[in-house]
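Next comes my_file21.cif, a file with mmCIF, C-alpha atoms and all ligand atoms.
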```cif
data_run
loop_
_atom_site.label_atom_id
_atom_site.label_comp_id
_atom_site.auth_asym_id
_atom_site.auth_seq_id
_atom_site.Cartn_x
_atom_site.Cartn_y
_atom_site.Cartn_z
CA MET A 286 -147.19 -42.74 100.37
CA PHE A 287 -150.00 -44.99 99.16
CA GLU A 288 -151.30 -43.64 95.87
CA PHE A 289 -154.47 -45.21 94.57
CA ASP A 290 -156.17 -44.05 91.42
CA GLU A 291 -159.49 -42.30 91.77
CA LYS A 292 -161.47 -45.14 90.28
CA LEU A 293 -160.12 -47.50 92.91
CA ILE A 294 -160.79 -45.05 95.75
CA ALA A 295 -164.41 -44.73 94.62
CA LEU A 296 -164.69 -48.50 94.35
CA SER A 297 -163.15 -48.92 97.80
CA ASP A 298 -165.65 -46.47 99.33
CA ALA A 299 -168.52 -48.31 97.69
CA ALA A 300 -167.12 -51.66 98.88
CA LEU A 301 -166.93 -50.34 102.42
CA ARG A 302 -170.59 -49.30 102.22
CA ASP A 303 -171.43 -52.82 100.98
CA CYS A 304 -169.87 -54.17 104.19
CA ALA A 305 -171.87 -52.06 106.66
CA ASP A 306 -174.23 -54.83 107.80
CA GLU A 307 -171.50 -57.43 107.88
CA PHE A 308 -169.23 -55.16 109.96
CA ARG A 309 -172.05 -54.67 112.46
CA ARG A 310 -172.53 -58.44 112.70
CA ILE A 311 -168.78 -58.94 113.19
CA ASP A 312 -168.73 -56.29 115.94
CA CYS A 313 -171.52 -58.09 117.80
CA VAL A 314 -169.61 -61.37 117.80
CA THR A 315 -166.36 -59.64 118.74
CA GLU A 316 -167.98 -57.86 121.67
CA HIS A 317 -169.54 -61.09 122.90
CA ASN A 318 -166.31 -63.09 122.64
CA GLN A 319 -164.11 -60.31 124.04
CA ARG A 320 -166.36 -59.99 127.06
CA LYS A 321 -166.35 -63.76 127.57
CA MET A 322 -162.54 -63.70 127.47
CA LEU A 323 -162.34 -60.83 129.96
CA GLU A 324 -164.73 -62.64 132.28
CA ALA A 325 -162.55 -65.76 132.08
CA PHE A 326 -159.49 -63.69 133.07
CA ILE A 327 -161.32 -62.16 136.02
CA HIS A 328 -162.98 -65.37 137.13
CA ASN A 329 -159.67 -67.26 137.14
CA LYS A 330 -157.87 -64.42 138.96
CA VAL A 331 -155.11 -63.87 136.41
CA SER A 332 -152.30 -62.04 138.18
CA GLU A 333 -149.06 -60.36 137.15
CA THR A 334 -147.04 -62.91 139.16
CA MET A 335 -148.24 -65.60 136.72
CA PHE A 336 -146.09 -64.10 133.97
CA ALA A 337 -142.88 -65.20 135.73
CA ALA A 338 -140.74 -67.78 133.92
CA SER A 339 -140.52 -71.34 135.19
CA THR A 340 -137.46 -73.40 134.27
CA GLY A 341 -136.31 -77.01 134.40
CA TYR A 342 -139.20 -79.39 135.01
CA GLY A 343 -141.59 -76.47 135.35
CA TYR A 344 -143.34 -77.94 138.40
CA GLY A 345 -146.05 -75.85 139.99
CA ASP A 346 -146.25 -73.23 137.25
CA VAL A 347 -149.45 -71.50 138.34
CA GLY A 348 -149.43 -69.27 135.25
CA ARG A 349 -149.44 -72.29 132.96
CA ASP A 350 -152.31 -73.94 134.84
CA THR A 351 -154.32 -70.70 134.94
CA LEU A 352 -153.79 -70.13 131.21
CA ASP A 353 -155.34 -73.56 130.61
CA ALA A 354 -158.31 -72.73 132.85
CA VAL A 355 -158.90 -69.32 131.23
CA PHE A 356 -158.83 -70.73 127.73
CA ALA A 357 -161.09 -73.65 128.64
CA GLU A 358 -163.66 -71.26 130.08
CA ALA A 359 -163.47 -68.94 127.04
CA VAL A 360 -164.19 -71.78 124.61
CA GLY A 361 -166.83 -73.41 126.80
CA ALA A 362 -164.79 -76.55 127.49
CA GLU A 363 -164.21 -78.60 130.64
CA ASP A 364 -160.45 -78.40 130.26
CA ALA A 365 -157.69 -77.20 127.94
CA VAL A 366 -153.95 -77.38 127.42
CA VAL A 367 -152.34 -74.29 125.88
CA ARG A 368 -148.59 -74.59 125.30
CA HIS A 369 -145.78 -72.89 123.43
CA ASN A 370 -144.30 -76.41 123.08
CA PHE A 371 -146.72 -77.31 120.31
CA THR A 372 -144.66 -76.51 117.22
CA CYS A 373 -147.60 -75.87 114.87
CA GLY A 374 -151.22 -76.77 114.23
CA THR A 375 -150.35 -80.10 112.66
CA HIS A 376 -148.31 -81.09 115.71
CA THR A 377 -151.13 -80.10 118.04
CA LEU A 378 -153.70 -82.12 116.08
CA THR A 379 -151.25 -85.03 116.00
CA VAL A 380 -150.86 -85.00 119.79
CA ALA A 381 -154.64 -85.08 120.12
CA LEU A 382 -155.04 -87.93 117.61
CA PHE A 383 -152.32 -90.07 119.18
CA GLY A 384 -153.59 -89.09 122.63
CA VAL A 385 -157.00 -90.62 121.96
CA LEU A 386 -156.57 -93.36 119.33
CA ARG A 387 -155.24 -96.85 120.12
CA PRO A 388 -154.26 -99.82 117.92
CA GLY A 389 -157.34 -101.35 116.31
CA ASP A 390 -159.40 -98.14 116.67
CA THR A 391 -160.95 -96.43 113.67
CA MET A 392 -160.74 -92.74 112.90
CA LEU A 393 -163.63 -91.69 110.65
CA CYS A 394 -163.19 -88.34 108.93
CA VAL A 395 -166.63 -87.05 107.93
CA THR A 396 -165.58 -83.93 106.00
CA GLY A 397 -163.83 -85.55 103.05
CA THR A 398 -160.06 -85.88 102.82
CA PRO A 399 -158.38 -83.81 105.54
CA TYR A 400 -155.92 -80.93 105.20
CA ASP A 401 -152.67 -81.82 103.40
CA THR A 402 -150.36 -81.91 106.42
CA ILE A 403 -152.69 -84.23 108.36
CA GLN A 404 -152.56 -86.92 105.67
CA PRO A 405 -149.04 -88.20 106.52
CA VAL A 406 -150.08 -88.25 110.19
CA ILE A 407 -152.92 -90.61 109.32
CA GLY A 408 -150.79 -92.51 106.80
CA ILE A 409 -152.74 -91.65 103.64
CA GLY A 410 -151.89 -89.58 100.57
CA LYS A 411 -148.77 -89.35 98.49
CA THR A 412 -146.16 -88.56 101.11
CA ALA A 413 -145.77 -91.59 103.37
CA ALA A 414 -144.00 -90.86 106.65
CA ALA A 415 -142.81 -93.30 109.29
CA GLY A 416 -144.68 -93.24 112.59
CA SER A 417 -148.14 -92.53 111.20
CA LEU A 418 -151.34 -93.65 112.94
CA ARG A 419 -151.53 -96.39 110.33
CA ASP A 420 -148.06 -97.65 111.40
CA PHE A 421 -149.50 -98.00 114.90
CA GLY A 422 -152.47 -100.03 113.68
CA VAL A 423 -155.10 -97.27 113.70
CA ASN A 424 -157.62 -97.68 110.89
CA TYR A 425 -158.84 -94.80 108.82
CA ALA A 426 -162.04 -94.23 106.85
CA GLU A 427 -163.71 -91.16 105.45
CA VAL A 428 -167.11 -89.95 104.33
CA ALA A 429 -166.94 -87.77 101.22
CA LEU A 430 -168.59 -84.35 101.12
CA ASP A 431 -171.76 -84.08 99.04
CA GLU A 432 -171.89 -82.43 95.60
CA ASN A 433 -172.15 -78.97 97.24
CA GLY A 434 -169.05 -79.56 99.36
CA CYS A 435 -171.16 -79.97 102.52
CA PRO A 436 -171.15 -82.83 105.05
CA ASP A 437 -173.38 -85.68 103.84
CA GLU A 438 -175.44 -86.27 106.98
CA THR A 439 -177.16 -89.42 105.71
CA ALA A 440 -173.88 -91.02 104.71
CA ILE A 441 -172.31 -89.98 108.04
CA ALA A 442 -175.09 -91.62 110.03
CA ALA A 443 -174.73 -94.84 108.00
CA ALA A 444 -170.93 -94.92 108.33
CA VAL A 445 -170.99 -94.29 112.08
CA LYS A 446 -173.65 -96.94 112.57
CA ALA A 447 -171.74 -99.52 110.56
CA GLN A 448 -168.23 -98.81 111.86
CA GLN A 449 -168.78 -97.67 115.46
CA PRO A 450 -165.53 -95.67 115.17
CA LYS A 451 -163.49 -94.59 118.19
CA MET A 452 -163.33 -91.10 116.69
CA VAL A 453 -165.31 -88.98 114.28
CA TYR A 454 -163.04 -86.25 112.90
CA ILE A 455 -164.35 -82.95 111.51
CA GLN A 456 -162.37 -80.27 109.71
CA ARG A 457 -164.17 -76.99 110.28
CA SER A 458 -162.28 -74.74 107.87
CA ARG A 459 -162.16 -75.05 104.09
CA GLY A 460 -158.36 -75.20 104.27
CA TYR A 461 -157.13 -74.70 100.73
CA SER A 462 -160.22 -75.99 98.98
CA LEU A 463 -163.25 -74.12 97.69
CA ARG A 464 -165.80 -75.96 99.81
CA PRO A 465 -167.76 -73.95 102.38
CA SER A 466 -166.53 -73.93 105.99
CA LEU A 467 -168.71 -75.56 108.61
CA SER A 468 -170.81 -73.54 111.01
CA VAL A 469 -170.78 -74.45 114.68
CA ALA A 470 -174.48 -75.36 114.33
CA GLN A 471 -173.61 -77.80 111.55
CA ILE A 472 -170.91 -79.35 113.74
CA GLY A 473 -173.53 -79.68 116.49
CA ARG A 474 -175.75 -81.64 114.09
CA ILE A 475 -172.88 -84.00 113.24
CA VAL A 476 -172.29 -84.52 116.97
CA GLN A 477 -175.96 -85.45 117.44
CA ILE A 478 -175.98 -87.79 114.45
CA THR A 479 -172.80 -89.46 115.70
CA LYS A 480 -173.90 -89.87 119.30
CA ALA A 481 -177.29 -91.23 118.23
CA GLN A 482 -175.59 -94.08 116.36
CA SER A 483 -172.60 -94.58 118.65
CA PRO A 484 -172.74 -92.79 122.02
CA ASP A 485 -169.11 -93.50 122.98
CA THR A 486 -167.54 -92.18 119.79
CA VAL A 487 -165.27 -89.20 120.44
CA VAL A 488 -165.99 -86.23 118.16
CA MET A 489 -162.85 -84.23 117.45
CA VAL A 490 -162.74 -80.98 115.49
CA ASP A 491 -159.79 -79.46 113.64
CA ASN A 492 -160.76 -75.94 114.70
CA CYS A 493 -157.99 -74.13 112.77
CA TYR A 494 -159.09 -70.68 111.49
CA GLY A 495 -162.47 -71.01 113.20
CA GLU A 496 -161.75 -69.74 116.72
CA PHE A 497 -163.83 -66.71 117.80
CA VAL A 498 -165.46 -66.34 114.38
CA GLU A 499 -168.82 -67.28 115.91
CA ASP A 500 -170.15 -66.59 119.39
CA ARG A 501 -169.40 -70.16 120.51
CA GLU A 502 -166.94 -72.93 119.72
CA PRO A 503 -167.68 -76.54 118.73
CA THR A 504 -167.09 -77.58 122.37
CA ALA A 505 -170.26 -75.68 123.24
CA VAL A 506 -172.33 -77.95 120.95
CA GLY A 507 -170.99 -81.26 122.19
CA ALA A 508 -167.66 -81.73 120.38
CA ASP A 509 -165.44 -83.73 122.74
CA LEU A 510 -162.15 -82.24 121.60
CA ILE A 511 -161.01 -79.23 119.56
CA ALA A 512 -157.48 -78.24 118.60
CA GLY A 513 -155.72 -75.45 116.75
CA SER A 514 -152.64 -73.31 116.23
CA LEU A 515 -151.65 -70.22 118.21
CA ILE A 516 -150.14 -68.54 115.14
CA LYS A 517 -153.64 -68.45 113.73
CA ASN A 518 -156.77 -67.01 115.41
CA PRO A 519 -156.37 -67.86 119.12
CA GLY A 520 -152.84 -66.44 119.52
CA GLY A 521 -154.12 -62.97 118.66
CA GLY A 522 -151.04 -62.22 116.51
CA ILE A 523 -149.00 -62.05 119.73
CA ALA A 524 -148.15 -65.70 120.50
CA ARG A 525 -144.92 -66.49 118.65
CA THR A 526 -145.62 -70.23 118.46
CA GLY A 527 -147.80 -72.88 120.11
CA GLY A 528 -151.13 -74.62 120.02
CA TYR A 529 -154.10 -75.65 122.15
CA ILE A 530 -156.30 -78.64 122.77
CA ALA A 531 -159.60 -78.21 124.61
CA GLY A 532 -162.54 -80.39 125.52
CA ARG A 533 -163.55 -83.22 127.84
CA ARG A 534 -161.24 -83.43 130.85
CA ASP A 535 -160.38 -87.14 130.55
CA LEU A 536 -159.46 -86.70 126.88
CA VAL A 537 -157.37 -83.58 127.52
CA GLU A 538 -155.51 -85.59 130.20
CA GLN A 539 -154.79 -88.31 127.64
CA CYS A 540 -153.44 -85.66 125.27
CA CYS A 541 -151.20 -84.29 128.06
CA ASN A 542 -149.82 -87.80 128.57
CA ARG A 543 -148.94 -87.88 124.93
CA LEU A 544 -147.53 -84.31 124.89
CA THR A 545 -145.13 -85.18 127.73
CA THR A 546 -145.30 -88.71 129.18
CA PRO A 547 -147.82 -90.99 130.87
CA GLY A 548 -147.53 -90.23 134.56
CA LEU A 549 -146.11 -86.74 134.15
CA GLY A 550 -148.78 -85.32 131.86
CA ARG A 551 -149.45 -81.63 132.43
CA GLU A 552 -147.39 -81.41 135.63
CA VAL A 553 -144.19 -80.70 133.68
CA GLY A 554 -143.20 -78.22 131.00
CA ALA A 555 -141.19 -75.09 131.75
CA THR A 556 -142.85 -72.03 130.29
CA LEU A 557 -139.54 -70.08 130.09
CA GLY A 558 -141.26 -66.69 130.22
CA ASN A 559 -143.86 -67.39 127.52
CA ASN A 560 -146.86 -67.08 129.83
CA ARG A 561 -147.24 -63.33 129.46
CA GLU A 562 -147.28 -63.52 125.68
CA LEU A 563 -149.75 -66.40 125.64
CA PHE A 564 -152.08 -64.64 128.08
CA MET A 565 -151.86 -61.47 126.00
CA GLY A 566 -152.39 -63.45 122.81
CA ILE A 567 -155.57 -65.20 123.89
CA PHE A 568 -156.80 -61.93 125.45
CA HIS A 569 -156.45 -60.08 122.14
CA ALA A 570 -157.67 -62.96 119.99
CA PRO A 571 -161.41 -62.12 119.80
CA HIS A 572 -160.64 -58.54 118.73
CA VAL A 573 -157.95 -59.55 116.23
CA VAL A 574 -160.24 -62.17 114.68
CA GLY A 575 -162.81 -59.40 114.22
CA GLU A 576 -160.21 -57.29 112.38
CA ALA A 577 -159.31 -60.27 110.16
CA LEU A 578 -163.00 -60.86 109.40
CA LYS A 579 -163.50 -57.21 108.44
CA THR A 580 -160.46 -57.43 106.19
CA ALA A 581 -161.88 -60.55 104.52
CA ALA A 582 -165.33 -58.95 104.11
CA PHE A 583 -163.84 -55.80 102.58
CA THR A 584 -161.63 -57.82 100.24
CA ALA A 585 -164.61 -59.88 99.04
CA ALA A 586 -166.55 -56.66 98.37
CA VAL A 587 -163.68 -55.00 96.48
CA PHE A 588 -162.92 -57.99 94.27
CA SER A 589 -166.51 -58.81 93.62
CA ARG A 590 -166.98 -55.21 92.42
CA LEU A 591 -163.94 -55.77 90.19
CA GLY A 592 -165.82 -58.67 88.61
CA PHE A 593 -164.22 -61.66 90.32
CA GLU A 594 -166.00 -64.57 91.93
CA THR A 595 -165.35 -64.84 95.67
CA THR A 596 -166.02 -67.47 98.35
CA PRO A 597 -167.54 -66.55 100.70
CA VAL A 598 -169.58 -64.09 98.60
CA PRO A 599 -169.98 -60.55 100.01
CA GLY A 600 -172.39 -60.54 102.94
CA GLU A 601 -172.33 -64.31 103.48
CA VAL A 602 -172.12 -65.39 107.13
CA ARG A 603 -168.56 -66.53 107.81
CA HIS A 604 -167.39 -69.58 109.73
CA ASP A 605 -163.64 -69.03 109.40
CA ILE A 606 -161.28 -66.19 108.45
CA ILE A 607 -160.40 -67.49 104.97
CA GLN A 608 -161.38 -65.59 101.84
CA ALA A 609 -160.91 -67.21 98.44
CA ILE A 610 -160.96 -65.17 95.20
CA LYS A 611 -160.94 -66.73 91.76
CA LEU A 612 -158.56 -64.45 89.88
CA LYS A 613 -158.95 -66.24 86.52
CA THR A 614 -155.35 -65.96 85.27
CA PRO A 615 -151.87 -66.72 86.62
CA GLU A 616 -150.88 -63.11 85.87
CA ASN A 617 -153.66 -61.79 88.11
CA LEU A 618 -152.66 -64.19 90.86
CA ILE A 619 -149.06 -63.02 90.79
CA ALA A 620 -150.17 -59.37 90.62
CA PHE A 621 -152.41 -59.88 93.67
CA CYS A 622 -149.70 -61.47 95.81
CA GLN A 623 -147.03 -58.99 94.76
CA GLY A 624 -149.37 -56.04 95.34
CA LEU A 625 -150.43 -57.30 98.77
CA GLN A 626 -146.79 -57.72 99.78
CA THR A 627 -146.05 -54.04 99.04
CA GLY A 628 -148.54 -53.10 101.75
CA ALA A 629 -147.15 -55.35 104.49
CA PRO A 630 -145.55 -53.88 107.62
CA VAL A 631 -142.59 -56.29 107.37
CA ASP A 632 -140.72 -57.20 104.15
CA SER A 633 -142.78 -54.79 102.03
CA PHE A 634 -139.82 -54.44 99.63
CA VAL A 635 -139.69 -58.16 98.86
CA THR A 636 -141.22 -59.48 95.63
CA PRO A 637 -142.88 -62.89 95.98
CA VAL A 638 -142.50 -65.17 92.95
CA PRO A 639 -144.08 -68.55 92.17
CA SER A 640 -141.88 -71.52 92.95
CA ALA A 641 -141.99 -75.30 93.38
CA MET A 642 -143.04 -76.55 96.83
CA PRO A 643 -142.73 -80.04 98.28
CA GLY A 644 -146.09 -81.78 98.18
CA TYR A 645 -147.57 -79.59 95.43
CA ASP A 646 -147.99 -80.51 91.76
CA SER A 647 -147.97 -76.90 90.60
CA LYS A 648 -145.89 -73.87 91.54
CA VAL A 649 -147.07 -71.90 94.54
CA ILE A 650 -146.90 -68.18 95.27
CA MET A 651 -147.17 -66.78 98.79
CA SER A 652 -147.40 -63.30 100.16
CA ALA A 653 -146.60 -62.67 103.81
CA GLY A 654 -145.08 -59.72 105.57
CA ALA A 655 -145.49 -60.87 109.12
CA PHE A 656 -143.88 -60.42 112.54
CA THR A 657 -144.13 -64.18 113.09
CA LEU A 658 -142.89 -66.58 110.43
CA GLY A 659 -145.84 -68.28 108.74
CA SER A 660 -148.41 -66.54 110.93
CA SER A 661 -151.70 -66.53 109.06
CA ILE A 662 -153.66 -64.39 111.51
CA GLU A 663 -151.42 -61.72 110.03
CA LEU A 664 -152.27 -60.56 106.50
CA SER A 665 -151.19 -63.29 104.10
CA ALA A 666 -152.12 -65.01 100.87
CA ASP A 667 -151.23 -68.28 99.17
CA ALA A 668 -152.02 -69.65 95.75
CA PRO A 669 -151.08 -72.67 93.68
CA LEU A 670 -150.69 -71.65 90.01
CA ARG A 671 -153.46 -73.82 88.64
CA GLU A 672 -157.12 -73.59 87.62
CA PRO A 673 -159.22 -71.74 88.76
CA PHE A 674 -156.30 -69.46 89.74
CA ALA A 675 -157.80 -68.82 93.13
CA VAL A 676 -155.97 -67.05 95.91
CA TRP A 677 -156.60 -67.96 99.55
CA PHE A 678 -156.36 -64.87 101.62
CA GLN A 679 -156.52 -64.49 105.39
CA GLY A 680 -155.67 -62.48 108.44
CA GLY A 681 -155.01 -58.85 109.16
CA LEU A 682 -154.19 -57.68 112.69
CA HIS A 683 -155.78 -54.29 112.11
CA PHE A 684 -158.42 -53.55 109.52
CA PHE A 685 -157.08 -50.03 108.96
CA ALA A 686 -153.58 -51.39 108.29
CA SER A 687 -154.88 -54.20 106.08
CA LYS A 688 -157.15 -52.03 103.94
CA PRO A 689 -154.28 -50.22 102.12
CA ALA A 690 -152.56 -53.55 101.46
CA VAL A 691 -155.75 -54.97 99.95
CA LEU A 692 -156.04 -51.87 97.76
CA CYS A 693 -152.41 -52.32 96.66
CA ALA A 694 -153.34 -55.84 95.56
CA ALA A 695 -156.47 -54.56 93.80
CA GLN A 696 -154.52 -51.81 92.02
CA ARG A 697 -151.98 -54.30 90.68
CA VAL A 698 -154.74 -56.62 89.47
CA MET A 699 -156.55 -53.70 87.77
CA GLN A 700 -153.31 -52.66 86.04
CA GLN A 701 -152.75 -56.24 84.95
CA GLU A 702 -156.27 -56.45 83.49
CA ASN A 703 -155.84 -53.10 81.69
CA ASN A 704 -152.54 -54.18 80.13
CA LYS A 705 -154.12 -57.20 78.46
C1 LIG A 801 -153.41 -74.48 109.32
C2 LIG A 801 -154.23 -75.69 109.37
C3 LIG A 801 -153.76 -76.85 109.99
C4 LIG A 801 -152.42 -76.94 110.66
O1 LIG A 801 -151.41 -76.40 109.92
P1 LIG A 801 -150.03 -75.89 110.52
O2 LIG A 801 -149.44 -75.20 109.34
O3 LIG A 801 -149.28 -77.10 110.93
O4 LIG A 801 -150.29 -74.97 111.66
C5 LIG A 801 -154.60 -77.93 110.01
N1 LIG A 801 -155.83 -77.89 109.48
C6 LIG A 801 -156.32 -76.78 108.89
C7 LIG A 801 -157.70 -76.79 108.32
C8 LIG A 801 -155.54 -75.65 108.83
O5 LIG A 801 -156.03 -74.55 108.26
#
```

Represent the structure of the file as structure tokens.
Amino acid sequence: MFEFDEKLIALSDAALRDCADEFRRIDCVTEHNQRKMLEAFIHNKVSETMFAASTGYGYGDVGRDTLDAVFAEAVGAEDAVVRHNFTCGTHTLTVALFGVLRPGDTMLCVTGTPYDTIQPVIGIGKTAAAGSLRDFGVNYAEVALDENGCPDETAIAAAVKAQQPKMVYIQRSRGYSLRPSLSVAQIGRIVQITKAQSPDTVVMVDNCYGEFVEDREPTAVGADLIAGSLIKNPGGGIARTGGYIAGRRDLVEQCCNRLTTPGLGREVGATLGNNRELFMGIFHAPHVVGEALKTAAFTAAVFSRLGFETTPVPGEVRHDIIQAIKLKTPENLIAFCQGLQTGAPVDSFVTPVPSAMPGYDSKVIMSAGAFTLGSSIELSADAPLREPFAVWFQGGLHFFASKPAVLCAAQRVMQQENNK
């Protein structure tokens, strides 16, 4: 059914050869993380009986408690809370922020202005929303990234020393910017800098898109708290909704008190039959992240051979699953998204078009043909129609199913360029 022209097939074969070393590196990390996950399942004695549904208050749900323990062990944390009740990544991060911060405290973001949806939570940016941290008397400050888009370690040290903030907040992934993503080692350095100036400051990491990309998580290098979405990396493409928070036990407890209520904390919360899916999701996650990384690597190689600038560049060591490609023109951007959509397992017959989106100044085009609405561990792409006409591309449950979709996108872009 897929018909690619010979030039593209030759280019694809060459691109795949370009990726050989990177694929080997990805396999090493996948094997390490998959083994760690399996060990956590065995060590915590996961059993079929744990997949049974609890109802009502959900007291004594051994599956729920074991899921927390397995995930904590897999990410090298003291404790974790993994729940379908978290509605999205933003909600999960919000529970963690409100769980830890109190009136009069300062939250210091050290990776520039955070991801769009976190801004109303803090109470900054254009879209003011009632009930923000600011409404509750929590102060906010940030340290800008340096001219290369990297954390400014000198400025961070000075700001932490001067402000003694309750929390230092780090966003690991680039989100929808073109700055590089942070490595776990870099996060470890920020932890050291912070603790040297202010030992009691809590270091929290927005770990979205970063889970299982490296052989360890920020919790392994001293981050006190990490959080993310289960419809991205750690849900393995199987979890239908949810999020996780992991880290220091006392802080995770505080987050549980915020998720439910003080006093009840993690003791309540019916799982309604979601346990099996969440166990399966986290079990598959290391492998699926590997597939997404291979898809990203291949896409970078194909589009760089087509003459486009990509971030990361082919062969660069990755710290999240996002691949950005500067497609130069709005026509190319639309061609890319429409082409990608034709190769999706779900909604392949749908044609994405640019349209206005709340919170954006320019029109946005999105391509997604996913089993789970908005899931971005599944093959997906988003792009605002503005300079430099970059597309942010991520996911792919199976490299061999994603490869044809990427080639569909490439073919459309090539046709578009030839028609000029
Ligand atoms: C996805 C993401 C979030 C959370 O977004 P949701 O759409 O609410 O899941 C937060 N931060 C970053 C960097 C993200 O990529």

If we count only C-alpha atoms, what is near Ala440 in chain A at a cut-off of 10 Å, once residues fewer than 6 positions away on the same chain are taken out, given as a short mmCIF file (atom, residue, chain, number, x, y, z; two decimals) with C-alpha atoms, in the coordinates of the input?
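So around-v3.cif came out as:
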```
data_model
loop_
_atom_site.label_atom_id
_atom_site.label_comp_id
_atom_site.auth_asym_id
_atom_site.auth_seq_id
_atom_site.Cartn_x
_atom_site.Cartn_y
_atom_site.Cartn_z
CA VAL A 395 -166.63 -87.05 107.93
CA VAL A 428 -167.11 -89.95 104.33
CA ALA A 429 -166.94 -87.77 101.22
CA LEU A 430 -168.59 -84.35 101.12
CA ASP A 431 -171.76 -84.08 99.04
CA LYS A 446 -173.65 -96.94 112.57
#
```

Which is closer to Thr377 in chain A than all the others in A:Ala426, A:Ala531, A:Val498, A:Ala620, using only C-alpha atoms?
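Counting only C-alpha atoms, the residue closest to Thr377 in chain A is A:Ala531.
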
CA of Met642 in chain A to CA of Phe621 in chain A: how many Å, to one decimal?
19.4 Å

Set up a box along x, y and z of the file covering all listed atoms of range 460-476 of chain A, add 5 Å on every one of the six sides, and write the centre and edge lengths in Å to one decimal, as JSON.
```
{"center_x": -166.4, "center_y": -79.0, "center_z": 107.3, "size_x": 28.6, "size_y": 21.0, "size_z": 29.3}
```

Contacts of chain A with ligand LIG 801 (chain A) up to 8 Å, shortest pair per row, only C-alpha atoms and all ligand atoms, as JSON lines:
```
{"residue": "A:Thr372", "atom": "CA", "partner": "A:LIG801", "partner_atom": "O3", "distance": 7.8}
{"residue": "A:Cys373", "atom": "CA", "partner": "A:LIG801", "partner_atom": "O4", "distance": 4.3}
{"residue": "A:Gly374", "atom": "CA", "partner": "A:LIG801", "partner_atom": "O4", "distance": 3.3}
{"residue": "A:Thr375", "atom": "CA", "partner": "A:LIG801", "partner_atom": "O3", "distance": 3.6}
{"residue": "A:His376", "atom": "CA", "partner": "A:LIG801", "partner_atom": "O3", "distance": 6.3}
{"residue": "A:Thr377", "atom": "CA", "partner": "A:LIG801", "partner_atom": "O3", "distance": 7.9}
{"residue": "A:Leu378", "atom": "CA", "partner": "A:LIG801", "partner_atom": "C5", "distance": 7.4}
{"residue": "A:Pro399", "atom": "CA", "partner": "A:LIG801", "partner_atom": "N1", "distance": 7.6}
{"residue": "A:Tyr400", "atom": "CA", "partner": "A:LIG801", "partner_atom": "N1", "distance": 5.3}
{"residue": "A:Asp401", "atom": "CA", "partner": "A:LIG801", "partner_atom": "N1", "distance": 7.9}
{"residue": "A:Thr402", "atom": "CA", "partner": "A:LIG801", "partner_atom": "O1", "distance": 6.6}
{"residue": "A:Ile403", "atom": "CA", "partner": "A:LIG801", "partner_atom": "C5", "distance": 6.8}
{"residue": "A:Gln456", "atom": "CA", "partner": "A:LIG801", "partner_atom": "C7", "distance": 6.0}
{"residue": "A:Arg457", "atom": "CA", "partner": "A:LIG801", "partner_atom": "C7", "distance": 6.8}
{"residue": "A:Ser458", "atom": "CA", "partner": "A:LIG801", "partner_atom": "C7", "distance": 5.0}
{"residue": "A:Arg459", "atom": "CA", "partner": "A:LIG801", "partner_atom": "C7", "distance": 6.4}
{"residue": "A:Gly460", "atom": "CA", "partner": "A:LIG801", "partner_atom": "C7", "distance": 4.4}
{"residue": "A:Tyr461", "atom": "CA", "partner": "A:LIG801", "partner_atom": "O5", "distance": 7.6}
{"residue": "A:Asp491", "atom": "CA", "partner": "A:LIG801", "partner_atom": "N1", "distance": 6.0}
{"residue": "A:Asn492", "atom": "CA", "partner": "A:LIG801", "partner_atom": "C7", "distance": 7.1}
{"residue": "A:Cys493", "atom": "CA", "partner": "A:LIG801", "partner_atom": "C8", "distance": 4.9}
{"residue": "A:Tyr494", "atom": "CA", "partner": "A:LIG801", "partner_atom": "O5", "distance": 5.9}
{"residue": "A:Gly513", "atom": "CA", "partner": "A:LIG801", "partner_atom": "C4", "distance": 7.1}
{"residue": "A:Ser514", "atom": "CA", "partner": "A:LIG801", "partner_atom": "O4", "distance": 5.4}
{"residue": "A:Ile516", "atom": "CA", "partner": "A:LIG801", "partner_atom": "O4", "distance": 7.3}
{"residue": "A:Lys517", "atom": "CA", "partner": "A:LIG801", "partner_atom": "C1", "distance": 7.5}
{"residue": "A:Gly659", "atom": "CA", "partner": "A:LIG801", "partner_atom": "O2", "distance": 7.8}
```

In Å, rounded to a single decimal, give me how far CA of His604 in chain A is from CA of Gln696 in chain A.
28.2 Å

Give me the residues near Ala444 in chain A as a CSV table (one decimal) with C-alpha atoms, in the frame of the given file, where near means some atom within 10 Å (using all atoms listed in the file) and where sequence neighbours in that chain fewer than 2 positions away do not count.
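Dumped everything to part_36.csv:
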```csv
chain,number,residue,atom,x,y,z
A,393,LEU,CA,-163.6,-91.7,110.6
A,395,VAL,CA,-166.6,-87.0,107.9
A,426,ALA,CA,-162.0,-94.2,106.8
A,427,GLU,CA,-163.7,-91.2,105.4
A,428,VAL,CA,-167.1,-90.0,104.3
A,438,GLU,CA,-175.4,-86.3,107.0
A,439,THR,CA,-177.2,-89.4,105.7
A,440,ALA,CA,-173.9,-91.0,104.7
A,441,ILE,CA,-172.3,-90.0,108.0
A,442,ALA,CA,-175.1,-91.6,110.0
A,446,LYS,CA,-173.6,-96.9,112.6
A,447,ALA,CA,-171.7,-99.5,110.6
A,448,GLN,CA,-168.2,-98.8,111.9
A,449,GLN,CA,-168.8,-97.7,115.5
A,450,PRO,CA,-165.5,-95.7,115.2
A,479,THR,CA,-172.8,-89.5,115.7
A,482,GLN,CA,-175.6,-94.1,116.4
```
